[in-house]
Amino acid sequence: MTTAMGAALRRIQLGNALSAFGNGFTVPFLFIYVAQVRDLGSGTAGVVLATFAVAALIVLPVTGRIIDRRGPLPVAIAGTVAAAIGSLGLGLASREPYVIAAAGVLGAGIAVIQPALATMIVWCSTPTTRSRAFATQFFLNNLGLGLGGLLGGLLVDTAHPSSFVRLFAIESVMFLVLGAAIASVRLPRVPKVADAIPTQGPAKGGWRALLADRAMVQLCVLGFVMFFACYGQFESGLSAFAVEVTRISPATLGVALAANTAVIVVAQFVVLKLVERRRRSRVIALVGLIWTVAWVTAGASGLVHGSQAIATAAIISTYALFGLGEAMLSPTVAPLVADLAPGSRIGQYNSAFALVKQLALAVGPAVGGLMAAGGLYGAYIVMLIGCSLGITALALRMGRRLTPAQDNPHRSAATTATALAPAPRVEAEGVESLSGPGPERIPSPAHTHAHAHAPVPAPAQEAVTTAA
């Protein structure tokens, strides 16, 4: 990775961290703000939250193609401007139509930013550095959200709407800071990533070609199950189960959420060292098993009636185990999406996966909330245990469709380096050393075969092209 690429990546990561910091000021308080501070009721607050998902589902299908045609930089900047306008509009709006419209603009802006930033990170990294780049992004996102939420809680006052206006203004400014940071980034001029690993030949056919990519389709199905069974349950079914069945207080639920974030922040780079050189499909399969243990632990917390302390510890452990799984996925899934994509369709692949994520985040809370409202907590836990085991099965099945370079880029790079390395000098001069000096030198068979006849593998050719 060149010095210029490293500098560009640092600016992207810094802007992204500041944006997450600003987002943390408002995310935990959005429902309370709409329902109580603006006195629009919980129904309108629910519509506002749903508007974020609807806006994302509208803009994401076309975002990828625009990124691939125009580049990720102008798309990301447009997203930051829209998000800043939407955030400030939410802080100033007091009537239902304006609040919903502002939420739509904010949701669309955030949805556009995500695949554009992911594509920029891909452009500024290589297959072997990509896992660390996305792990760093995930770490900074969680750290920024946590710090922003902490400071936002100190500034907010439900009796004074102006305090919420201040929070949304901070978020708006941070989106503009993100836009300014990435506007100063110098991306590679070539409108494709030379080291991307093509899967289906030429980049033609748009969505039809993407759907014909079996490995990408399997990854999207796997991603839907992952986001449905984890992120989609944090604010709906799992929270309701913890309060209604385990009987923990809302304050303790906040501690559990903090434990989730703490595990991610503390363990991210330790986990990265353990997983970045291993097969990605096996890492994802292990996450499914970890989340299975998490859901079993959550179910057990509802069966402990003699000790509230044990039940509370079980719920906190559940959130912590989810955090461990998230830390394992951050250097695994997003880089895999990039390595599956042909060089000219990285934006479309990132947008498609972001679309799958938004679908899961829309369906997950709805299913979890409906089952919680019906008191179907036993069936709810069983369903999510099944989803977690399904993650393991789907990951192992997907692994059979991945090339070695896609499933384990570090090992592939090491193999390529070994193939390109020259044979030892003593091997080439073995005949000469035995026969003594003379006018003619007969090359050894090992030297001849290693350099004259052995073809260079395709990954090695890509590596040479990239280095050049």
# chains A, B, ... in the order shown; residues from 1 in each chain; ligands from 1
$ closest_atom_pairs --of "segment 273-353 of chain A" --to "segment 91-115 of chain A" --cutoff "12 Å" --atoms "only C-alpha atoms" --output "tab-separated table"
residue	atom	partner	partner_atom	distance
A:Ala334	CA	A:Pro115	CA	10.2
A:Val337	CA	A:Pro115	CA	11.0
A:Ala338	CA	A:Pro115	CA	10.7
A:Arg345	CA	A:Pro115	CA	11.8
A:Ile346	CA	A:Pro115	CA	9.2
A:Gly347	CA	A:Pro115	CA	6.6
A:Gln348	CA	A:Pro115	CA	8.4
A:Tyr349	CA	A:Pro115	CA	8.7
A:Asn350	CA	A:Pro115	CA	5.2
A:Ser351	CA	A:Pro115	CA	5.3
A:Ala352	CA	A:Pro115	CA	8.8
A:Phe353	CA	A:Pro115	CA	8.6
$ write_last_selection --atoms "all heavy atoms" --output "compact mmCIF listing (two decimals), in the first residue's frame"
# COMPACT_ATOMS: atom_id res chain seq x y z
N ALA A 334 -17.29 -7.37 5.17
CA ALA A 334 -17.15 -6.26 4.22
C ALA A 334 -15.99 -6.47 3.25
O ALA A 334 -16.14 -6.24 2.04
CB ALA A 334 -17.01 -4.94 4.97
N VAL A 337 -17.12 -8.93 0.56
CA VAL A 337 -17.97 -8.32 -0.46
C VAL A 337 -17.10 -7.66 -1.52
O VAL A 337 -17.34 -7.82 -2.73
CB VAL A 337 -18.92 -7.28 0.16
CG1 VAL A 337 -19.70 -6.53 -0.92
CG2 VAL A 337 -19.90 -7.95 1.13
N ALA A 338 -16.08 -6.93 -1.09
CA ALA A 338 -15.20 -6.24 -2.04
C ALA A 338 -14.42 -7.23 -2.90
O ALA A 338 -14.26 -7.02 -4.11
CB ALA A 338 -14.23 -5.34 -1.27
N ARG A 345 -17.54 -3.01 -10.57
CA ARG A 345 -18.86 -3.05 -9.94
C ARG A 345 -18.77 -3.11 -8.42
O ARG A 345 -19.67 -3.61 -7.75
CB ARG A 345 -19.68 -4.25 -10.45
CG ARG A 345 -20.14 -4.11 -11.89
CD ARG A 345 -21.47 -4.83 -12.09
NE ARG A 345 -21.44 -6.21 -11.69
CZ ARG A 345 -21.06 -7.23 -12.45
NH1 ARG A 345 -20.64 -6.99 -13.68
NH2 ARG A 345 -21.07 -8.47 -12.00
N ILE A 346 -17.70 -2.60 -7.85
CA ILE A 346 -17.54 -2.64 -6.40
C ILE A 346 -18.64 -1.83 -5.72
O ILE A 346 -19.19 -2.22 -4.70
CB ILE A 346 -16.15 -2.15 -6.00
CG1 ILE A 346 -15.10 -3.18 -6.41
CG2 ILE A 346 -16.06 -1.90 -4.50
CD1 ILE A 346 -13.70 -2.78 -6.13
N GLY A 347 -18.96 -0.67 -6.28
CA GLY A 347 -20.02 0.15 -5.71
C GLY A 347 -21.35 -0.56 -5.70
O GLY A 347 -22.11 -0.49 -4.71
N GLN A 348 -21.66 -1.28 -6.78
CA GLN A 348 -22.94 -2.00 -6.83
C GLN A 348 -22.98 -3.14 -5.82
O GLN A 348 -24.00 -3.36 -5.17
CB GLN A 348 -23.16 -2.55 -8.24
CG GLN A 348 -24.54 -3.16 -8.42
CD GLN A 348 -24.79 -3.62 -9.83
OE1 GLN A 348 -23.85 -3.91 -10.57
NE2 GLN A 348 -26.05 -3.70 -10.23
N TYR A 349 -21.89 -3.85 -5.67
CA TYR A 349 -21.86 -4.94 -4.70
C TYR A 349 -22.01 -4.41 -3.27
O TYR A 349 -22.73 -4.97 -2.45
CB TYR A 349 -20.56 -5.75 -4.85
CG TYR A 349 -20.64 -6.86 -5.86
CD1 TYR A 349 -20.99 -6.61 -7.19
CD2 TYR A 349 -20.36 -8.18 -5.51
CE1 TYR A 349 -21.06 -7.63 -8.12
CE2 TYR A 349 -20.42 -9.21 -6.44
CZ TYR A 349 -20.77 -8.94 -7.74
OH TYR A 349 -20.86 -9.95 -8.65
N ASN A 350 -21.30 -3.30 -2.97
CA ASN A 350 -21.44 -2.71 -1.64
C ASN A 350 -22.86 -2.22 -1.39
O ASN A 350 -23.40 -2.38 -0.30
CB ASN A 350 -20.45 -1.55 -1.48
CG ASN A 350 -19.04 -2.01 -1.18
OD1 ASN A 350 -18.84 -3.01 -0.49
ND2 ASN A 350 -18.06 -1.30 -1.69
N SER A 351 -23.48 -1.60 -2.41
CA SER A 351 -24.85 -1.12 -2.25
C SER A 351 -25.83 -2.27 -2.10
O SER A 351 -26.79 -2.18 -1.32
CB SER A 351 -25.23 -0.26 -3.46
OG SER A 351 -24.45 0.91 -3.51
N ALA A 352 -25.60 -3.35 -2.84
CA ALA A 352 -26.49 -4.51 -2.73
C ALA A 352 -26.44 -5.10 -1.33
O ALA A 352 -27.48 -5.44 -0.74
CB ALA A 352 -26.11 -5.56 -3.76
N PHE A 353 -25.24 -5.20 -0.77
CA PHE A 353 -25.13 -5.76 0.59
C PHE A 353 -25.72 -4.80 1.61
O PHE A 353 -26.34 -5.23 2.59
CB PHE A 353 -23.67 -6.07 0.92
CG PHE A 353 -23.52 -6.99 2.10
CD1 PHE A 353 -23.76 -8.34 1.97
CD2 PHE A 353 -23.17 -6.49 3.34
CE1 PHE A 353 -23.63 -9.20 3.05
CE2 PHE A 353 -23.04 -7.33 4.43
CZ PHE A 353 -23.28 -8.69 4.29
$ atom_distance --atom1 "atom CA of Leu151 of chain A" --atom2 "atom CA of Ser330 of chain A"
25.6 Å
$ residues_around --residues "Ala35 of chain A" --least-positions-apart "4" --cutoff "12 Å" --atoms "only C-alpha atoms" --output "list in words"
Phe29, Leu30, Phe31, Asp39, Leu40, Gly41, Ser42, Gly43, Thr44, Ala45, Gly46, Val47, Val48, Leu49, Ser94, Arg95, Glu96, Val99 and Thr158 of chain A
$ write_last_selection --atoms "all heavy atoms" --output "short mmCIF file (atom, residue, chain, number, x, y, z; two decimals), in the first residue's frame"
data_model
loop_
_atom_site.label_atom_id
_atom_site.label_comp_id
_atom_site.auth_asym_id
_atom_site.auth_seq_id
_atom_site.Cartn_x
_atom_site.Cartn_y
_atom_site.Cartn_z
N PHE A 29 -31.75 8.96 21.55
CA PHE A 29 -32.82 9.83 22.05
C PHE A 29 -33.86 10.16 20.99
O PHE A 29 -34.76 10.97 21.25
CB PHE A 29 -32.21 11.13 22.59
CG PHE A 29 -31.01 10.91 23.45
CD1 PHE A 29 -29.75 11.26 23.01
CD2 PHE A 29 -31.12 10.35 24.71
CE1 PHE A 29 -28.62 11.06 23.79
CE2 PHE A 29 -30.01 10.13 25.51
CZ PHE A 29 -28.76 10.48 25.05
N LEU A 30 -33.76 9.56 19.81
CA LEU A 30 -34.65 9.95 18.72
C LEU A 30 -36.11 9.63 19.03
O LEU A 30 -37.01 10.46 18.80
CB LEU A 30 -34.21 9.24 17.43
CG LEU A 30 -34.98 9.63 16.16
CD1 LEU A 30 -34.87 11.12 15.90
CD2 LEU A 30 -34.45 8.84 14.96
N PHE A 31 -36.37 8.44 19.55
CA PHE A 31 -37.75 8.05 19.84
C PHE A 31 -38.35 8.99 20.91
O PHE A 31 -39.48 9.48 20.76
CB PHE A 31 -37.80 6.60 20.34
CG PHE A 31 -39.19 6.05 20.47
CD1 PHE A 31 -39.78 5.35 19.43
CD2 PHE A 31 -39.92 6.24 21.64
CE1 PHE A 31 -41.07 4.85 19.55
CE2 PHE A 31 -41.20 5.74 21.77
CZ PHE A 31 -41.78 5.04 20.72
N ASP A 39 -43.97 16.03 21.34
CA ASP A 39 -45.34 15.66 21.69
C ASP A 39 -46.14 15.17 20.48
O ASP A 39 -47.30 15.50 20.30
CB ASP A 39 -46.06 16.84 22.34
CG ASP A 39 -47.30 16.40 23.12
OD1 ASP A 39 -47.33 15.22 23.55
OD2 ASP A 39 -48.22 17.22 23.30
N LEU A 40 -45.49 14.35 19.67
CA LEU A 40 -46.15 13.80 18.48
C LEU A 40 -46.61 12.37 18.68
O LEU A 40 -47.21 11.79 17.77
CB LEU A 40 -45.19 13.88 17.27
CG LEU A 40 -44.79 15.30 16.85
CD1 LEU A 40 -43.77 15.24 15.71
CD2 LEU A 40 -46.01 16.12 16.43
N GLY A 41 -46.33 11.75 19.81
CA GLY A 41 -46.82 10.42 20.12
C GLY A 41 -45.89 9.32 19.64
O GLY A 41 -45.06 9.51 18.75
N SER A 42 -46.05 8.16 20.25
CA SER A 42 -45.21 7.02 19.92
C SER A 42 -45.48 6.50 18.50
O SER A 42 -44.58 5.95 17.87
CB SER A 42 -45.42 5.89 20.93
OG SER A 42 -46.78 5.51 20.97
N GLY A 43 -46.71 6.68 18.01
CA GLY A 43 -47.01 6.24 16.65
C GLY A 43 -46.19 6.99 15.63
O GLY A 43 -45.61 6.39 14.71
N THR A 44 -46.12 8.30 15.77
CA THR A 44 -45.30 9.10 14.85
C THR A 44 -43.82 8.76 15.00
O THR A 44 -43.08 8.71 14.01
CB THR A 44 -45.52 10.60 15.12
OG1 THR A 44 -46.90 10.91 14.95
CG2 THR A 44 -44.70 11.45 14.17
N ALA A 45 -43.39 8.52 16.24
CA ALA A 45 -42.00 8.13 16.45
C ALA A 45 -41.69 6.83 15.72
O ALA A 45 -40.61 6.68 15.13
CB ALA A 45 -41.72 7.98 17.94
N GLY A 46 -42.62 5.87 15.76
CA GLY A 46 -42.43 4.63 15.03
C GLY A 46 -42.35 4.85 13.53
O GLY A 46 -41.55 4.22 12.82
N VAL A 47 -43.21 5.77 13.02
CA VAL A 47 -43.18 6.09 11.59
C VAL A 47 -41.84 6.72 11.21
O VAL A 47 -41.28 6.42 10.15
CB VAL A 47 -44.35 7.04 11.22
CG1 VAL A 47 -44.20 7.54 9.79
CG2 VAL A 47 -45.68 6.33 11.40
N VAL A 48 -41.32 7.58 12.07
CA VAL A 48 -40.03 8.22 11.79
C VAL A 48 -38.92 7.17 11.70
O VAL A 48 -38.09 7.20 10.78
CB VAL A 48 -39.71 9.25 12.89
CG1 VAL A 48 -38.25 9.69 12.80
CG2 VAL A 48 -40.62 10.46 12.76
N LEU A 49 -38.90 6.23 12.64
CA LEU A 49 -37.89 5.17 12.60
C LEU A 49 -38.04 4.31 11.34
O LEU A 49 -37.05 3.91 10.73
CB LEU A 49 -37.99 4.31 13.85
CG LEU A 49 -37.63 5.00 15.17
CD1 LEU A 49 -37.86 4.06 16.35
CD2 LEU A 49 -36.19 5.49 15.15
N SER A 94 -41.22 20.74 14.09
CA SER A 94 -42.11 20.51 15.23
C SER A 94 -43.44 19.89 14.83
O SER A 94 -44.21 19.46 15.69
CB SER A 94 -42.38 21.83 15.98
OG SER A 94 -42.95 22.79 15.10
N ARG A 95 -43.70 19.83 13.53
CA ARG A 95 -44.95 19.24 13.04
C ARG A 95 -44.65 17.91 12.36
O ARG A 95 -43.57 17.71 11.80
CB ARG A 95 -45.66 20.20 12.09
CG ARG A 95 -46.08 21.51 12.76
CD ARG A 95 -46.66 22.48 11.76
NE ARG A 95 -47.84 21.91 11.10
CZ ARG A 95 -48.49 22.51 10.10
NH1 ARG A 95 -48.06 23.70 9.65
NH2 ARG A 95 -49.55 21.95 9.56
N GLU A 96 -45.63 17.02 12.40
CA GLU A 96 -45.43 15.64 11.93
C GLU A 96 -44.92 15.55 10.50
O GLU A 96 -43.95 14.82 10.24
CB GLU A 96 -46.73 14.85 12.10
CG GLU A 96 -46.60 13.40 11.68
CD GLU A 96 -47.88 12.62 11.94
OE1 GLU A 96 -48.78 13.15 12.63
OE2 GLU A 96 -47.99 11.47 11.46
N VAL A 99 -41.21 16.53 10.34
CA VAL A 99 -40.35 15.58 11.03
C VAL A 99 -40.12 14.35 10.17
O VAL A 99 -38.98 13.86 10.03
CB VAL A 99 -40.95 15.20 12.39
CG1 VAL A 99 -40.18 14.04 13.01
CG2 VAL A 99 -40.94 16.39 13.34
N THR A 158 -35.26 16.73 28.58
CA THR A 158 -36.57 16.58 27.94
C THR A 158 -37.49 17.77 28.19
O THR A 158 -38.45 17.96 27.45
CB THR A 158 -37.25 15.29 28.43
OG1 THR A 158 -37.35 15.33 29.86
CG2 THR A 158 -36.47 14.06 28.00
#
$ residues_around --residues "Arg186 of chain A" --least-positions-apart "3" --cutoff "12 Å" --atoms "only C-alpha atoms" --output "compact mmCIF listing (two decimals) with C-alpha atoms, in the first residue's frame"
# COMPACT_ATOMS: atom_id res chain seq x y z
CA THR A 3 1.95 6.33 1.28
CA ALA A 4 -0.73 8.27 -0.61
CA MET A 5 -3.23 5.46 -0.15
CA GLY A 6 -2.43 5.30 3.57
CA ALA A 7 -2.91 9.06 3.99
CA ALA A 8 -6.23 8.93 2.13
CA LEU A 9 -7.41 6.04 4.27
CA ARG A 10 -6.53 7.88 7.47
CA ARG A 11 -8.60 10.89 6.41
CA ILE A 12 -11.55 8.68 5.54
CA GLY A 71 -16.83 7.36 -8.43
CA PRO A 72 -17.50 7.13 -4.70
CA LEU A 73 -16.23 10.60 -3.76
CA MET A 120 -13.42 4.40 -0.89
CA TRP A 123 -9.90 1.74 -3.32
CA CYS A 124 -7.38 2.75 -0.63
CA ALA A 181 -12.53 15.27 5.22
CA ILE A 182 -13.32 13.01 2.30
CA ALA A 183 -13.37 15.95 -0.17
CA ARG A 189 -7.55 7.98 -10.83
CA VAL A 190 -8.27 4.65 -12.46
$ closest_atom_pairs --of "segment 245-322 of chain A" --to "segment 213-219 of chain A" --cutoff "12 Å" --atoms "only C-alpha atoms" --output "JSON lines"
{"residue": "A:Arg280", "atom": "CA", "partner": "A:Leu219", "partner_atom": "CA", "distance": 11.5}
{"residue": "A:Ser281", "atom": "CA", "partner": "A:Leu219", "partner_atom": "CA", "distance": 9.9}
{"residue": "A:Ile284", "atom": "CA", "partner": "A:Leu219", "partner_atom": "CA", "distance": 10.6}
$ residues_around --residues "Gly399 of chain A" --least-positions-apart "2" --cutoff "9 Å" --atoms "only C-alpha atoms" --output "JSON, numbers by chain"
{"A": [215, 279, 280, 281, 282, 394, 395, 396, 397, 401, 402, 403, 407]}
$ closest_residue --among "A:Ile264, A:Val356, A:Ala285, A:Val382" --to "Thr297 of chain A" --atoms "only C-alpha atoms"
A:Val382
$ residues_around --residues "segment 159-164 of chain A" --least-positions-apart "3" --cutoff "7 Å" --atoms "only C-alpha atoms" --output "mmCIF file with all heavy atoms, in the first residue's frame"
data_model
loop_
_atom_site.group_PDB
_atom_site.id
_atom_site.type_symbol
_atom_site.label_atom_id
_atom_site.label_comp_id
_atom_site.auth_asym_id
_atom_site.auth_seq_id
_atom_site.Cartn_x
_atom_site.Cartn_y
_atom_site.Cartn_z
ATOM 1 N N VAL A 37 -40.775 15.014 23.474
ATOM 2 C CA VAL A 37 -40.333 16.408 23.425
ATOM 3 C C VAL A 37 -41.163 17.197 22.421
ATOM 4 O O VAL A 37 -41.621 18.314 22.707
ATOM 5 C CB VAL A 37 -38.841 16.478 23.088
ATOM 6 C CG1 VAL A 37 -38.382 17.934 22.965
ATOM 7 C CG2 VAL A 37 -38.029 15.759 24.148
ATOM 8 N N GLY A 91 -34.056 18.572 14.013
ATOM 9 C CA GLY A 91 -33.953 19.366 15.230
ATOM 10 C C GLY A 91 -34.869 20.566 15.243
ATOM 11 O O GLY A 91 -35.336 20.994 16.312
ATOM 12 N N LEU A 155 -26.031 16.340 27.955
ATOM 13 C CA LEU A 155 -26.530 17.622 27.453
ATOM 14 C C LEU A 155 -28.041 17.679 27.320
ATOM 15 O O LEU A 155 -28.628 18.765 27.311
ATOM 16 C CB LEU A 155 -25.898 17.920 26.073
ATOM 17 C CG LEU A 155 -24.382 18.116 26.025
ATOM 18 C CD1 LEU A 155 -23.918 18.270 24.588
ATOM 19 C CD2 LEU A 155 -23.972 19.333 26.849
ATOM 20 N N VAL A 156 -28.691 16.528 27.209
ATOM 21 C CA VAL A 156 -30.106 16.500 26.872
ATOM 22 C C VAL A 156 -30.967 16.790 28.096
ATOM 23 O O VAL A 156 -30.618 16.439 29.229
ATOM 24 C CB VAL A 156 -30.482 15.137 26.259
ATOM 25 C CG1 VAL A 156 -30.503 14.042 27.309
ATOM 26 C CG2 VAL A 156 -31.807 15.214 25.530
ATOM 27 N N LEU A 167 -28.302 19.061 20.031
ATOM 28 C CA LEU A 167 -27.771 17.738 19.670
ATOM 29 C C LEU A 167 -27.820 17.518 18.169
ATOM 30 O O LEU A 167 -26.847 17.048 17.555
ATOM 31 C CB LEU A 167 -28.553 16.645 20.386
ATOM 32 C CG LEU A 167 -28.499 16.597 21.915
ATOM 33 C CD1 LEU A 167 -29.215 15.345 22.420
ATOM 34 C CD2 LEU A 167 -27.075 16.629 22.417
ATOM 35 N N PHE A 168 -28.948 17.843 17.547
ATOM 36 C CA PHE A 168 -29.067 17.643 16.102
ATOM 37 C C PHE A 168 -28.146 18.589 15.335
ATOM 38 O O PHE A 168 -27.651 18.240 14.255
ATOM 39 C CB PHE A 168 -30.524 17.828 15.668
ATOM 40 C CG PHE A 168 -31.397 16.651 15.994
ATOM 41 C CD1 PHE A 168 -32.291 16.707 17.053
ATOM 42 C CD2 PHE A 168 -31.324 15.480 15.256
ATOM 43 C CE1 PHE A 168 -33.099 15.624 17.367
ATOM 44 C CE2 PHE A 168 -32.133 14.391 15.558
ATOM 45 C CZ PHE A 168 -33.021 14.453 16.616
#
$ residues_around --residues "Gly22 of chain A" --least-positions-apart "3" --cutoff "12 Å" --atoms "only C-alpha atoms" --output "ChimeraX atom specification"
/A:15-19,25-28,83-84,87-88,141-152,166-178
$ atom_distance --atom1 "atom CA of Leu222 of chain A" --atom2 "atom CA of Thr129 of chain A"
23.6 Å
$ atom_distance --atom1 "atom CA of Arg277 of chain A" --atom2 "atom CA of Phe228 of chain A"
27.3 Å
$ select_by_dssp --residues "segment 110-337 of chain A" --states "helix (DSSP H, G or I)" --output "ChimeraX atom specification"
/A:110-123,130-155,161-183,206-212,214-229,231-234,237-244,250-275,280-301,308-329,333-337
